[in-house]
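K.L.:
This is the structure I have questions about; it appears just below.
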Amino acid sequence: MNLLIAVPFVVPLLGAAATLLLRRAPRAQQVASAVTLAVVIADSTLLLAATADGTVVASQAGGWAAPLGITLVVDPLAALLLLVSSVVLLIVLLYAIGQDISGLSRAVPQVFHPIYLVLTAGVCLSFLSGDLFNLFVGFEIMLTASYALITQAPTRARVRASMIYTVVGLTSSIFFLTGIALVYALTGTVNLADVAEKLGAAPAGLRMVLALLFLVVFGIKAAIVPMHFWLPDSYPVAITRISAIFAALLTKVAVYAIIRTQTLLFGRDDVSTVMMWIAIATMVIGILGALVQDDINRIMSFALVSHIGFMVFGLALNSVAGIAGVLVYLVHHIVVQATLFLVNGLIRQYVGHTSLRSIRGLTVVSPLLAIFFFLPALSLAGLPPMSGFVAKVALFQAGVQAGGWLIYLGLTAGVLTSLFTLMAIFRVWARAFWGTPLPDMLEARAELRRGPDFVGRRLMAATTGTMVGVGLLVAAAAGPLTDIAFTAARDLLDGRAYIEAVLPEGAP
Amino acid sequence: MTLALGIGVLVAGGVFLVLQRGLVRITFGFVLLGHAANLLFLAAGGTQRREPPIEGTAALGQMADPLPQAFVLTAIVITFGITIYLLVLAAAGKGDDDTERLP
């Protein structure tokens with residue numbers, strides 16, 4: 001079991017080294033990356049099977065018992081997110097390989113593969129780490145890789161987006177370090193389970209300050225309002241595969257960290273009123289931003305910000321049903337966001353950009369592309385029978401169960417946001433998909449069909465289709481998914497299982 | 001007290017620089033903020049005990065806490081890497097930082 005827990009971040013790091021060595025053999029490099037991610041998927045499946053009943057497994061790396069050594073912990077939440085993330089990572093990788101084969105991308109594959117695998121390692125380590133400092137290291141590995149990835153195929157716009165992105169990321173890292181130092185000063189430990197036990201004896205005011213500090217740290221990375229301004233300025237500018245994986249995973253890792261710290265460490269403190277207001281602001285401001293944009297990528301980025309609000313809403317409910325709803329929403333949103341950004345990449349083949357001003361009649365140019373956009377877009381808006389509907393129903397039910405005027409206000413904001421999301425999507429649909437295609441779009445299609453890069457383009461379409469399929473699968477598997485989400489939520493709110501798994505003999 | 005003042009001055013200088021125009025100044029601002037966070041770590045370990053944490057060289061109550069020092073080491077390495085990256089960005093995007101000098 002110990003070995004299995006280490007695999008999700010050790011193997012990608014080894015893979016990164018291997019792809020670096022194989023940089024002169026593009027085909028071998030592609031195979032090595034794909035195999036690495038396949039191993040992570042297999043391992044995550046095993047981990048999820050072992051923890052699906054609510055078991056929490058801790059592994060003491062280096063053999064020193066917690067809280068002295070480095071602890072890795074896998075619980076149903078971590079295992080579920082590992083599995084979904086690694087599946088999305090593999091599909092986006094295959095899409096990227098398709099792009100590279102087709103020669104449509106200016107990214108340098110020799111650089112892309114190693115950094116992408118390092119990013120994978122950072123994401124997985126963040127999910128698995130059982131102490132605050134290791135969480136910081138996981139975040140930094142992920143962020144450093146993302147700083148490098150966002151400038152792939154550099155243009156002036158990308159370098160500038162990278163400046164904003166890096167400076168904002170650094171700000172949150174400095175706050176994170178400050179938070180860890182303060183926690184250490186207060187409790188003398190950074191092991192999450194140990195901190196959770198010892199914070200109980202700390203003054204309530206200090207605990208509240210720390211809870212809010214960590215909310216800010218991860219809130220910046222999760223792009224919750226009012227710390228969201230950087231996201232629509234940086235994500236849409238990056239190349240397709242990068243914005244897809246950033247939109248799908250990076251903000252969600254931060255949401256995971258919010259869930260973990262606010263339940264395990266600060267579960268007994270009440271920041272839920274603050275979080276509910278943040279959730280309402282995030283949902284409404286995000287989607288209003290999406291409504292006035294003229295670029296599909298930017299619309300999707302604002303929608304991403306707004307839908308983070310739904311997750312904060314569920315978390316603010318502070319109930320088993322609420323957190324279970326958040327987990328279902330997380331899984332749904334990871335898949336849907338990745339799909340939509342991949343589809344935007346397919347659109348770019350025909351017009352070279354994603355600005356609504358000069359795209360018309362995509363349904364005529366490529367009916368398949370229209371279907372690929374339509375299904376996840378409906379899911380994002382939360383129409384039945386898509387996964388977005390399942391996730392939103394879970395959240396709204398939890399909200400109604402809890403009751404109270406503020407929660408009803410949040411529910412109203414949620415319903416309005418869904419409606420506005422639908423409006424934003426239909427704006428895209430009406431302007432880009434309906435109508436008579438522009439002549440240069442048809443020319444571009446004819447040229448692409450004649451081109452020698454047919455295999456690569458097939459792979460891009462197939463992987464996007466697979467992603468759409470995964471989205472449908474999430475809806476079809478809503479029953480088992482909800483079961484796991486409820487098990488994980490019970491574990492999170494209770495906290496005993498986590499603490500006992502890490503510190504079997506109690507805190508020293 | 002000295003440590004608290006030091007951290008305060010570093011944070012003040014760092015925030016001032018981060019709010020300036022130009023990526024090079026922002027980078028230096030983050031270097032200062034990083035140092036402030038590192039000093040905070042040392043303060044968190046306790047400043048009263050500062051003997052080496054090796055058995056036989058000092059009384060147990062006098063030994064410094066080695067863990068914050070290890071944290072600081074890691075944090076320094078990470079900040080250093082990011083600083084270099086920021087400077088590269090500053091060089092690559094020279095004259096393209098979206099700011100204009102007011103008349």
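Order determines the names: the first chain of the structure tokens is A, the second B, and so forth; residues in each chain are numbered 1 upward, and ligands are numbered 1 upward as they are shown.
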Identify all chain A residues at most 12 Å from chain B by counting only C-alpha atoms; ligands do not count. Present them as a short mmCIF file (atom, residue, chain, number, x, y, z; two decimals) with N, CA, C and O atoms, in the first residue's frame.
P.N.:
```cif
data_model
loop_
_atom_site.label_atom_id
_atom_site.label_comp_id
_atom_site.auth_asym_id
_atom_site.auth_seq_id
_atom_site.Cartn_x
_atom_site.Cartn_y
_atom_site.Cartn_z
N LEU A 68 6.54 13.28 12.92
CA LEU A 68 7.92 13.69 12.64
C LEU A 68 8.28 13.54 11.17
O LEU A 68 8.92 14.41 10.58
N GLY A 69 7.83 12.42 10.57
CA GLY A 69 8.22 12.18 9.18
C GLY A 69 7.27 12.86 8.22
O GLY A 69 6.40 13.63 8.61
N LEU A 132 1.24 20.31 5.91
CA LEU A 132 1.08 21.61 5.27
C LEU A 132 2.27 21.96 4.39
O LEU A 132 2.12 22.49 3.29
N PHE A 133 3.49 21.66 4.89
CA PHE A 133 4.64 22.08 4.12
C PHE A 133 4.77 21.29 2.83
O PHE A 133 5.14 21.81 1.79
N ASN A 134 4.41 20.00 2.90
CA ASN A 134 4.45 19.19 1.70
C ASN A 134 3.38 19.62 0.71
O ASN A 134 3.59 19.58 -0.50
N PHE A 136 2.54 22.67 0.39
CA PHE A 136 3.19 23.83 -0.22
C PHE A 136 4.13 23.39 -1.33
O PHE A 136 4.12 23.95 -2.43
N VAL A 137 4.93 22.35 -1.05
CA VAL A 137 5.87 21.88 -2.06
C VAL A 137 5.12 21.36 -3.29
O VAL A 137 5.47 21.68 -4.43
N GLY A 138 4.04 20.59 -3.05
CA GLY A 138 3.24 20.09 -4.15
C GLY A 138 2.70 21.24 -4.99
O GLY A 138 2.78 21.22 -6.23
N PHE A 139 2.17 22.26 -4.32
CA PHE A 139 1.65 23.44 -5.01
C PHE A 139 2.75 24.11 -5.82
O PHE A 139 2.53 24.52 -6.96
N GLU A 140 3.94 24.23 -5.23
CA GLU A 140 5.02 24.93 -5.93
C GLU A 140 5.47 24.15 -7.15
O GLU A 140 5.76 24.74 -8.19
N ILE A 141 5.55 22.80 -7.03
CA ILE A 141 5.93 22.00 -8.19
C ILE A 141 4.93 22.23 -9.31
O ILE A 141 5.30 22.50 -10.47
N LEU A 143 2.85 24.81 -9.66
CA LEU A 143 2.85 26.19 -10.15
C LEU A 143 4.07 26.48 -11.00
O LEU A 143 3.95 27.11 -12.06
N THR A 144 5.24 26.01 -10.55
CA THR A 144 6.45 26.29 -11.33
C THR A 144 6.31 25.69 -12.72
O THR A 144 6.65 26.32 -13.72
N ALA A 145 5.80 24.45 -12.77
CA ALA A 145 5.58 23.83 -14.08
C ALA A 145 4.60 24.66 -14.91
O ALA A 145 4.78 24.87 -16.10
N SER A 146 3.56 25.18 -14.23
CA SER A 146 2.55 25.94 -14.99
C SER A 146 3.11 27.28 -15.45
O SER A 146 2.75 27.75 -16.54
N TYR A 147 4.00 27.89 -14.66
CA TYR A 147 4.63 29.14 -15.11
C TYR A 147 5.36 28.90 -16.43
O TYR A 147 5.32 29.73 -17.34
N ALA A 148 6.03 27.76 -16.51
CA ALA A 148 6.78 27.47 -17.74
C ALA A 148 5.83 27.10 -18.87
O ALA A 148 6.04 27.50 -20.01
N ILE A 150 2.76 28.06 -19.47
CA ILE A 150 1.90 29.11 -20.03
C ILE A 150 2.63 29.92 -21.10
O ILE A 150 2.00 30.54 -21.95
N THR A 151 3.97 29.87 -21.10
CA THR A 151 4.69 30.60 -22.16
C THR A 151 5.04 29.72 -23.34
O THR A 151 5.78 30.15 -24.23
N PRO A 154 5.84 30.99 -27.36
CA PRO A 154 5.72 32.34 -26.82
C PRO A 154 5.37 33.38 -27.87
O PRO A 154 5.90 33.38 -28.97
N THR A 155 4.42 34.22 -27.50
CA THR A 155 4.11 35.42 -28.27
C THR A 155 4.16 36.55 -27.25
O THR A 155 4.27 36.29 -26.05
N ARG A 156 4.03 37.79 -27.71
CA ARG A 156 4.03 38.91 -26.76
C ARG A 156 2.90 38.75 -25.76
O ARG A 156 3.08 38.93 -24.56
N ALA A 157 1.72 38.39 -26.28
CA ALA A 157 0.55 38.26 -25.39
C ALA A 157 0.81 37.19 -24.34
O ALA A 157 0.44 37.35 -23.17
N ARG A 158 1.44 36.09 -24.75
CA ARG A 158 1.66 35.00 -23.78
C ARG A 158 2.67 35.39 -22.73
O ARG A 158 2.53 35.04 -21.56
N VAL A 159 3.74 36.08 -23.13
CA VAL A 159 4.73 36.50 -22.15
C VAL A 159 4.08 37.44 -21.13
O VAL A 159 4.30 37.33 -19.92
N ARG A 160 3.20 38.32 -21.64
CA ARG A 160 2.56 39.24 -20.71
C ARG A 160 1.57 38.53 -19.80
O ARG A 160 1.51 38.80 -18.60
N ALA A 161 0.81 37.58 -20.36
CA ALA A 161 -0.10 36.80 -19.53
C ALA A 161 0.67 36.06 -18.46
O ALA A 161 0.24 35.95 -17.31
N SER A 162 1.85 35.56 -18.85
CA SER A 162 2.67 34.82 -17.91
C SER A 162 3.14 35.72 -16.77
O SER A 162 3.25 35.27 -15.62
N MET A 163 3.42 37.02 -17.08
CA MET A 163 3.83 37.95 -16.00
C MET A 163 2.72 38.06 -14.96
O MET A 163 2.96 37.91 -13.76
N ILE A 164 1.50 38.32 -15.43
CA ILE A 164 0.37 38.44 -14.50
C ILE A 164 0.23 37.15 -13.69
O ILE A 164 0.14 37.16 -12.46
N TYR A 165 0.24 36.02 -14.41
CA TYR A 165 0.00 34.74 -13.79
C TYR A 165 1.06 34.43 -12.74
O TYR A 165 0.76 34.00 -11.62
N THR A 166 2.34 34.68 -13.08
CA THR A 166 3.42 34.36 -12.16
C THR A 166 3.38 35.25 -10.92
O THR A 166 3.54 34.77 -9.80
N VAL A 167 3.14 36.54 -11.13
CA VAL A 167 3.14 37.46 -10.00
C VAL A 167 1.99 37.13 -9.04
O VAL A 167 2.17 37.08 -7.82
N VAL A 168 0.81 36.81 -9.59
CA VAL A 168 -0.31 36.45 -8.73
C VAL A 168 -0.02 35.13 -7.99
O VAL A 168 -0.26 35.01 -6.79
N GLY A 169 0.56 34.17 -8.72
CA GLY A 169 0.90 32.90 -8.10
C GLY A 169 1.89 33.07 -6.96
O GLY A 169 1.74 32.48 -5.89
N LEU A 170 2.88 33.94 -7.19
CA LEU A 170 3.89 34.18 -6.15
C LEU A 170 3.27 34.83 -4.92
O LEU A 170 3.62 34.49 -3.78
N THR A 171 2.34 35.75 -5.15
CA THR A 171 1.69 36.41 -4.02
C THR A 171 1.01 35.37 -3.13
O THR A 171 1.16 35.38 -1.90
N SER A 172 0.28 34.44 -3.77
CA SER A 172 -0.39 33.43 -2.96
C SER A 172 0.63 32.53 -2.27
O SER A 172 0.42 32.11 -1.13
N SER A 173 1.77 32.26 -2.93
CA SER A 173 2.79 31.41 -2.29
C SER A 173 3.36 32.08 -1.05
O SER A 173 3.61 31.41 -0.04
N ILE A 174 3.59 33.40 -1.13
CA ILE A 174 4.14 34.11 0.03
C ILE A 174 3.15 34.06 1.20
O ILE A 174 3.52 33.81 2.35
N PHE A 175 1.86 34.27 0.88
CA PHE A 175 0.83 34.16 1.93
C PHE A 175 0.81 32.74 2.52
O PHE A 175 0.63 32.55 3.72
N PHE A 176 0.98 31.76 1.63
CA PHE A 176 0.97 30.37 2.07
C PHE A 176 2.10 30.13 3.08
O PHE A 176 1.89 29.57 4.17
N LEU A 177 3.32 30.59 2.72
CA LEU A 177 4.46 30.44 3.63
C LEU A 177 4.17 31.11 4.97
O LEU A 177 4.44 30.54 6.04
N THR A 178 3.62 32.34 4.91
CA THR A 178 3.30 33.05 6.14
C THR A 178 2.32 32.22 6.98
O THR A 178 2.50 32.08 8.20
N GLY A 179 1.31 31.68 6.32
CA GLY A 179 0.33 30.87 7.03
C GLY A 179 0.97 29.67 7.71
O GLY A 179 0.67 29.36 8.88
N ILE A 180 1.86 28.98 6.98
CA ILE A 180 2.51 27.80 7.56
C ILE A 180 3.34 28.22 8.78
O ILE A 180 3.32 27.56 9.83
N ALA A 181 4.08 29.34 8.65
CA ALA A 181 4.91 29.81 9.77
C ALA A 181 4.03 30.10 10.99
O ALA A 181 4.38 29.74 12.11
N LEU A 182 2.88 30.73 10.76
CA LEU A 182 2.01 31.05 11.88
C LEU A 182 1.44 29.79 12.51
O LEU A 182 1.35 29.67 13.74
N VAL A 183 1.05 28.82 11.68
CA VAL A 183 0.54 27.55 12.21
C VAL A 183 1.62 26.87 13.05
O VAL A 183 1.36 26.35 14.14
N TYR A 184 2.86 26.92 12.53
CA TYR A 184 3.96 26.27 13.27
C TYR A 184 4.21 26.97 14.59
O TYR A 184 4.44 26.32 15.62
N ALA A 185 4.12 28.31 14.58
CA ALA A 185 4.34 29.05 15.82
C ALA A 185 3.26 28.71 16.84
O ALA A 185 3.52 28.63 18.04
N LEU A 186 2.06 28.47 16.35
CA LEU A 186 0.93 28.23 17.25
C LEU A 186 0.92 26.81 17.78
O LEU A 186 0.61 26.57 18.95
N THR A 187 1.26 25.82 16.91
CA THR A 187 1.07 24.42 17.31
C THR A 187 2.37 23.64 17.40
O THR A 187 2.40 22.56 17.97
N GLY A 188 3.45 24.14 16.81
CA GLY A 188 4.71 23.40 16.82
C GLY A 188 4.72 22.20 15.90
O GLY A 188 5.56 21.31 16.05
N THR A 189 3.83 22.15 14.94
CA THR A 189 3.82 21.03 14.00
C THR A 189 3.19 21.49 12.69
O THR A 189 2.48 22.50 12.66
N VAL A 190 3.48 20.78 11.60
CA VAL A 190 2.82 21.11 10.34
C VAL A 190 2.05 19.91 9.80
O VAL A 190 1.46 19.98 8.73
#
```
K.L.:
At a cut-off of 10 Å, using only C-alpha atoms, what residues contact A:Gly388? Leave out same-chain residues fewer than 6 positions from it and give the result as JSON, numbers by chain.
P.N.:
{"A": [328, 329, 331, 332, 333, 336, 376, 377, 378, 379, 380, 381, 382, 394, 418, 471, 474, 475]}
K.L.:
Restricting the calculation to only C-alpha atoms: of A:Arg298, A:Lys221, A:Arg445, A:Arg207, which residue gets closest to A:Ala257?
P.N.:
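Comparing A:Arg298, A:Lys221, A:Arg445, A:Arg207 against A:Ala257, the winner is A:Lys221.
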K.L.:
With only C-alpha atoms as the basis for distance, which of A:Leu231, A:Val56, A:Val209, A:Ala290 is at the shortest distance from A:Val271?
P.N.:
A:Val209
K.L.:
Tell me which protein, DNA and RNA residues are within 12 Å of stretch 272-282 of chain A, counting only C-alpha atoms, leaving out same-chain ones fewer than 5 positions away, and put them as an mmCIF file with N, CA and C atoms, in the first residue's frame.
P.N.:
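Listed below is the output, out-v7.cif:
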```
data_model
loop_
_atom_site.group_PDB
_atom_site.id
_atom_site.type_symbol
_atom_site.label_atom_id
_atom_site.label_comp_id
_atom_site.auth_asym_id
_atom_site.auth_seq_id
_atom_site.Cartn_x
_atom_site.Cartn_y
_atom_site.Cartn_z
ATOM 1 N N MET A 208 -9.472 31.706 13.833
ATOM 2 C CA MET A 208 -10.268 32.379 12.803
ATOM 3 C C MET A 208 -9.363 33.104 11.811
ATOM 4 N N ALA A 211 -7.811 30.562 9.587
ATOM 5 C CA ALA A 211 -8.798 30.021 8.640
ATOM 6 C C ALA A 211 -8.983 30.989 7.480
ATOM 7 N N LEU A 212 -9.092 32.282 7.800
ATOM 8 C CA LEU A 212 -9.292 33.269 6.738
ATOM 9 C C LEU A 212 -8.035 33.417 5.884
ATOM 10 N N LEU A 215 -7.959 30.666 3.531
ATOM 11 C CA LEU A 215 -9.011 30.877 2.522
ATOM 12 C C LEU A 215 -8.499 31.828 1.442
ATOM 13 N N VAL A 216 -7.750 32.870 1.866
ATOM 14 C CA VAL A 216 -7.193 33.820 0.887
ATOM 15 C C VAL A 216 -6.144 33.124 0.021
ATOM 16 N N GLY A 219 -7.855 30.755 -2.118
ATOM 17 C CA GLY A 219 -8.860 31.495 -2.880
ATOM 18 C C GLY A 219 -8.239 32.202 -4.072
ATOM 19 N N ALA A 222 -7.803 29.541 -6.571
ATOM 20 C CA ALA A 222 -9.074 29.015 -7.068
ATOM 21 C C ALA A 222 -9.838 30.086 -7.828
ATOM 22 N N ALA A 223 -9.333 31.323 -7.817
ATOM 23 C CA ALA A 223 -9.974 32.441 -8.527
ATOM 24 C C ALA A 223 -11.375 32.716 -8.005
ATOM 25 N N ILE A 224 -11.521 32.824 -6.668
ATOM 26 C CA ILE A 224 -12.818 33.244 -6.158
ATOM 27 C C ILE A 224 -12.846 34.768 -6.116
ATOM 28 N N VAL A 225 -14.016 35.358 -6.377
ATOM 29 C CA VAL A 225 -14.160 36.816 -6.323
ATOM 30 C C VAL A 225 -13.901 37.254 -4.887
ATOM 31 N N PRO A 226 -13.143 38.281 -4.583
ATOM 32 C CA PRO A 226 -12.544 39.271 -5.487
ATOM 33 C C PRO A 226 -11.103 38.971 -5.903
ATOM 34 N N MET A 227 -10.695 37.704 -5.896
ATOM 35 C CA MET A 227 -9.309 37.394 -6.271
ATOM 36 C C MET A 227 -9.285 36.652 -7.615
ATOM 37 N N HIS A 228 -10.182 37.007 -8.524
ATOM 38 C CA HIS A 228 -10.361 36.223 -9.745
ATOM 39 C C HIS A 228 -9.809 36.906 -10.994
ATOM 40 N N PHE A 229 -9.472 38.219 -10.877
ATOM 41 C CA PHE A 229 -9.194 39.034 -12.063
ATOM 42 C C PHE A 229 -8.089 38.483 -12.953
ATOM 43 N N ILE A 258 -8.825 24.075 -0.233
ATOM 44 C CA ILE A 258 -9.793 24.781 0.616
ATOM 45 C C ILE A 258 -10.628 23.760 1.386
ATOM 46 N N ILE A 259 -11.122 22.742 0.676
ATOM 47 C CA ILE A 259 -11.949 21.732 1.345
ATOM 48 C C ILE A 259 -11.165 21.086 2.484
ATOM 49 N N GLN A 262 -10.297 23.720 5.386
ATOM 50 C CA GLN A 262 -11.453 24.259 6.113
ATOM 51 C C GLN A 262 -12.222 23.174 6.856
ATOM 52 N N THR A 263 -12.168 21.911 6.399
ATOM 53 C CA THR A 263 -12.870 20.874 7.163
ATOM 54 C C THR A 263 -11.978 20.298 8.251
ATOM 55 N N PHE A 266 -9.981 23.688 10.323
ATOM 56 C CA PHE A 266 -10.798 24.764 10.890
ATOM 57 C C PHE A 266 -12.270 24.398 10.915
ATOM 58 N N GLY A 267 -12.548 23.072 10.942
ATOM 59 C CA GLY A 267 -13.938 22.627 10.869
ATOM 60 C C GLY A 267 -14.811 23.198 11.956
ATOM 61 N N ILE A 287 -20.318 35.180 -13.948
ATOM 62 C CA ILE A 287 -21.140 34.910 -15.131
ATOM 63 C C ILE A 287 -21.519 36.205 -15.838
ATOM 64 N N LEU A 288 -21.646 37.319 -15.092
ATOM 65 C CA LEU A 288 -21.900 38.594 -15.763
ATOM 66 C C LEU A 288 -20.716 38.953 -16.654
ATOM 67 N N GLY A 289 -19.505 38.630 -16.193
ATOM 68 C CA GLY A 289 -18.320 38.840 -17.026
ATOM 69 C C GLY A 289 -18.421 38.032 -18.311
ATOM 70 N N PHE A 302 -14.498 33.054 -17.847
ATOM 71 C CA PHE A 302 -15.375 33.712 -16.876
ATOM 72 C C PHE A 302 -16.385 32.709 -16.322
ATOM 73 N N ALA A 303 -16.879 31.811 -17.184
ATOM 74 C CA ALA A 303 -17.802 30.786 -16.697
ATOM 75 C C ALA A 303 -17.104 29.904 -15.665
ATOM 76 N N LEU A 304 -15.808 29.637 -15.906
ATOM 77 C CA LEU A 304 -15.029 28.840 -14.945
ATOM 78 C C LEU A 304 -15.006 29.535 -13.589
ATOM 79 N N VAL A 305 -14.723 30.852 -13.581
ATOM 80 C CA VAL A 305 -14.706 31.602 -12.329
ATOM 81 C C VAL A 305 -16.065 31.476 -11.640
ATOM 82 N N SER A 306 -17.134 31.692 -12.428
ATOM 83 C CA SER A 306 -18.453 31.709 -11.817
ATOM 84 C C SER A 306 -18.818 30.351 -11.223
ATOM 85 N N HIS A 307 -18.382 29.271 -11.882
ATOM 86 C CA HIS A 307 -18.774 27.964 -11.380
ATOM 87 C C HIS A 307 -17.948 27.494 -10.195
ATOM 88 N N ILE A 308 -16.790 28.155 -9.969
ATOM 89 C CA ILE A 308 -16.074 27.896 -8.720
ATOM 90 C C ILE A 308 -16.994 28.296 -7.552
ATOM 91 N N GLY A 309 -17.829 29.338 -7.805
ATOM 92 C CA GLY A 309 -18.765 29.806 -6.788
ATOM 93 C C GLY A 309 -19.685 28.699 -6.296
ATOM 94 N N PHE A 310 -20.119 27.807 -7.211
ATOM 95 C CA PHE A 310 -20.989 26.711 -6.798
ATOM 96 C C PHE A 310 -20.289 25.828 -5.763
ATOM 97 N N MET A 311 -18.978 25.596 -5.979
ATOM 98 C CA MET A 311 -18.257 24.717 -5.054
ATOM 99 C C MET A 311 -18.109 25.393 -3.701
ATOM 100 N N VAL A 312 -17.836 26.718 -3.716
ATOM 101 C CA VAL A 312 -17.722 27.434 -2.444
ATOM 102 C C VAL A 312 -19.078 27.432 -1.733
ATOM 103 N N PHE A 313 -20.147 27.530 -2.517
ATOM 104 C CA PHE A 313 -21.507 27.484 -1.948
ATOM 105 C C PHE A 313 -21.708 26.188 -1.158
ATOM 106 N N GLY A 314 -21.382 25.055 -1.805
ATOM 107 C CA GLY A 314 -21.576 23.765 -1.141
ATOM 108 C C GLY A 314 -20.732 23.650 0.114
ATOM 109 N N LEU A 315 -19.523 24.183 0.029
ATOM 110 C CA LEU A 315 -18.612 24.100 1.172
ATOM 111 C C LEU A 315 -19.126 24.964 2.323
ATOM 112 N N ALA A 316 -19.739 26.127 1.970
ATOM 113 C CA ALA A 316 -20.237 27.031 3.009
ATOM 114 C C ALA A 316 -21.415 26.416 3.764
ATOM 115 N N LEU A 317 -22.094 25.441 3.141
ATOM 116 C CA LEU A 317 -23.210 24.795 3.840
ATOM 117 C C LEU A 317 -22.714 24.015 5.045
ATOM 118 N N ASN A 318 -21.442 23.528 4.944
ATOM 119 C CA ASN A 318 -20.818 22.832 6.057
ATOM 120 C C ASN A 318 -21.631 21.616 6.516
ATOM 121 N N SER A 319 -22.276 20.931 5.553
ATOM 122 C CA SER A 319 -23.020 19.726 5.903
ATOM 123 C C SER A 319 -22.532 18.587 5.014
ATOM 124 N N GLY A 322 -23.891 18.955 1.589
ATOM 125 C CA GLY A 322 -23.273 20.059 0.872
ATOM 126 C C GLY A 322 -21.917 19.676 0.323
ATOM 127 N N GLY A 399 -28.668 22.640 -0.078
ATOM 128 C CA GLY A 399 -28.979 23.999 0.337
ATOM 129 C C GLY A 399 -30.367 24.095 0.940
ATOM 130 N N GLY A 404 -32.547 28.780 5.748
ATOM 131 C CA GLY A 404 -31.991 30.067 6.193
ATOM 132 C C GLY A 404 -31.990 31.060 5.046
ATOM 133 N N TRP A 405 -32.156 32.372 5.373
ATOM 134 C CA TRP A 405 -32.330 33.356 4.299
ATOM 135 C C TRP A 405 -31.095 33.498 3.426
ATOM 136 N N LEU A 406 -29.884 33.433 4.068
ATOM 137 C CA LEU A 406 -28.657 33.611 3.289
ATOM 138 C C LEU A 406 -28.502 32.468 2.287
ATOM 139 N N ILE A 407 -28.834 31.252 2.739
ATOM 140 C CA ILE A 407 -28.696 30.104 1.845
ATOM 141 C C ILE A 407 -29.694 30.197 0.695
ATOM 142 N N TYR A 408 -30.906 30.680 1.002
ATOM 143 C CA TYR A 408 -31.870 30.853 -0.083
ATOM 144 C C TYR A 408 -31.393 31.915 -1.065
ATOM 145 N N LEU A 409 -30.725 32.952 -0.543
ATOM 146 C CA LEU A 409 -30.134 33.954 -1.424
ATOM 147 C C LEU A 409 -29.088 33.290 -2.332
ATOM 148 N N GLY A 410 -28.255 32.425 -1.715
ATOM 149 C CA GLY A 410 -27.251 31.697 -2.477
ATOM 150 C C GLY A 410 -27.885 30.817 -3.536
ATOM 151 N N LEU A 411 -28.999 30.152 -3.164
ATOM 152 C CA LEU A 411 -29.695 29.286 -4.126
ATOM 153 C C LEU A 411 -30.218 30.111 -5.297
ATOM 154 N N THR A 412 -30.783 31.290 -4.968
ATOM 155 C CA THR A 412 -31.285 32.157 -6.030
ATOM 156 C C THR A 412 -30.140 32.528 -6.974
ATOM 157 N N ALA A 413 -28.996 32.925 -6.373
ATOM 158 C CA ALA A 413 -27.833 33.268 -7.197
ATOM 159 C C ALA A 413 -27.436 32.088 -8.066
ATOM 160 N N GLY A 414 -27.490 30.879 -7.498
ATOM 161 C CA GLY A 414 -27.107 29.680 -8.247
ATOM 162 C C GLY A 414 -28.018 29.440 -9.434
ATOM 163 N N VAL A 415 -29.327 29.567 -9.208
ATOM 164 C CA VAL A 415 -30.276 29.338 -10.303
ATOM 165 C C VAL A 415 -30.096 30.399 -11.386
ATOM 166 N N LEU A 416 -29.930 31.665 -10.951
ATOM 167 C CA LEU A 416 -29.707 32.746 -11.915
ATOM 168 C C LEU A 416 -28.435 32.504 -12.718
ATOM 169 N N THR A 417 -27.377 32.065 -12.014
ATOM 170 C CA THR A 417 -26.109 31.809 -12.696
ATOM 171 C C THR A 417 -26.269 30.725 -13.758
#
```
K.L.:
Can you pull out the residues contacting A:Ala121? Cut-off 10 Å, using only C-alpha atoms, and skip same-chain residues under 5 positions away; I want them as an MDAnalysis selection string.
P.N.:
chainID A and resid 7:16 40 115:116 126 138:139 141:142 145
K.L.:
Pick from B:Ala91, B:Arg25, B:Phe80, B:Arg49: nearest to B:Gly13, with only C-alpha atoms counted?
P.N.:
B:Arg25
K.L.:
Could you pull the residues within 8 Å of B:Met63, counting only C-alpha atoms, minus those fewer than 4 positions along the same chain, as a list of chain:residue names?
P.N.:
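Everything that qualifies: B:Arg49, B:Arg50, B:Glu51, B:Pro52, B:Pro53, B:Ile54, B:Ala58, B:Ala59.
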K.L.:
Just write the chosen residues, N, CA and C atoms, as a compact mmCIF listing (two decimals), in the first residue's frame.
P.N.:
```txt
# COMPACT_ATOMS: atom_id res chain seq x y z
N ARG B 49 16.05 30.04 22.14
CA ARG B 49 16.99 28.91 22.13
C ARG B 49 17.78 28.94 20.85
N ARG B 50 19.09 29.08 20.92
CA ARG B 50 19.82 29.13 19.66
C ARG B 50 21.12 28.31 19.67
N GLU B 51 21.26 27.36 20.60
CA GLU B 51 22.43 26.47 20.56
C GLU B 51 22.23 25.43 19.46
N PRO B 52 23.34 24.84 18.95
CA PRO B 52 23.19 23.84 17.88
C PRO B 52 22.38 22.63 18.36
N PRO B 53 21.49 22.12 17.54
CA PRO B 53 20.64 21.01 17.95
C PRO B 53 21.34 19.67 17.83
N ILE B 54 22.52 19.53 18.47
CA ILE B 54 23.28 18.27 18.40
C ILE B 54 23.52 17.80 19.82
N ALA B 58 24.87 20.99 23.83
CA ALA B 58 24.10 21.98 24.59
C ALA B 58 23.03 21.27 25.38
N ALA B 59 22.48 21.99 26.35
CA ALA B 59 21.38 21.43 27.12
C ALA B 59 20.14 21.37 26.23
```
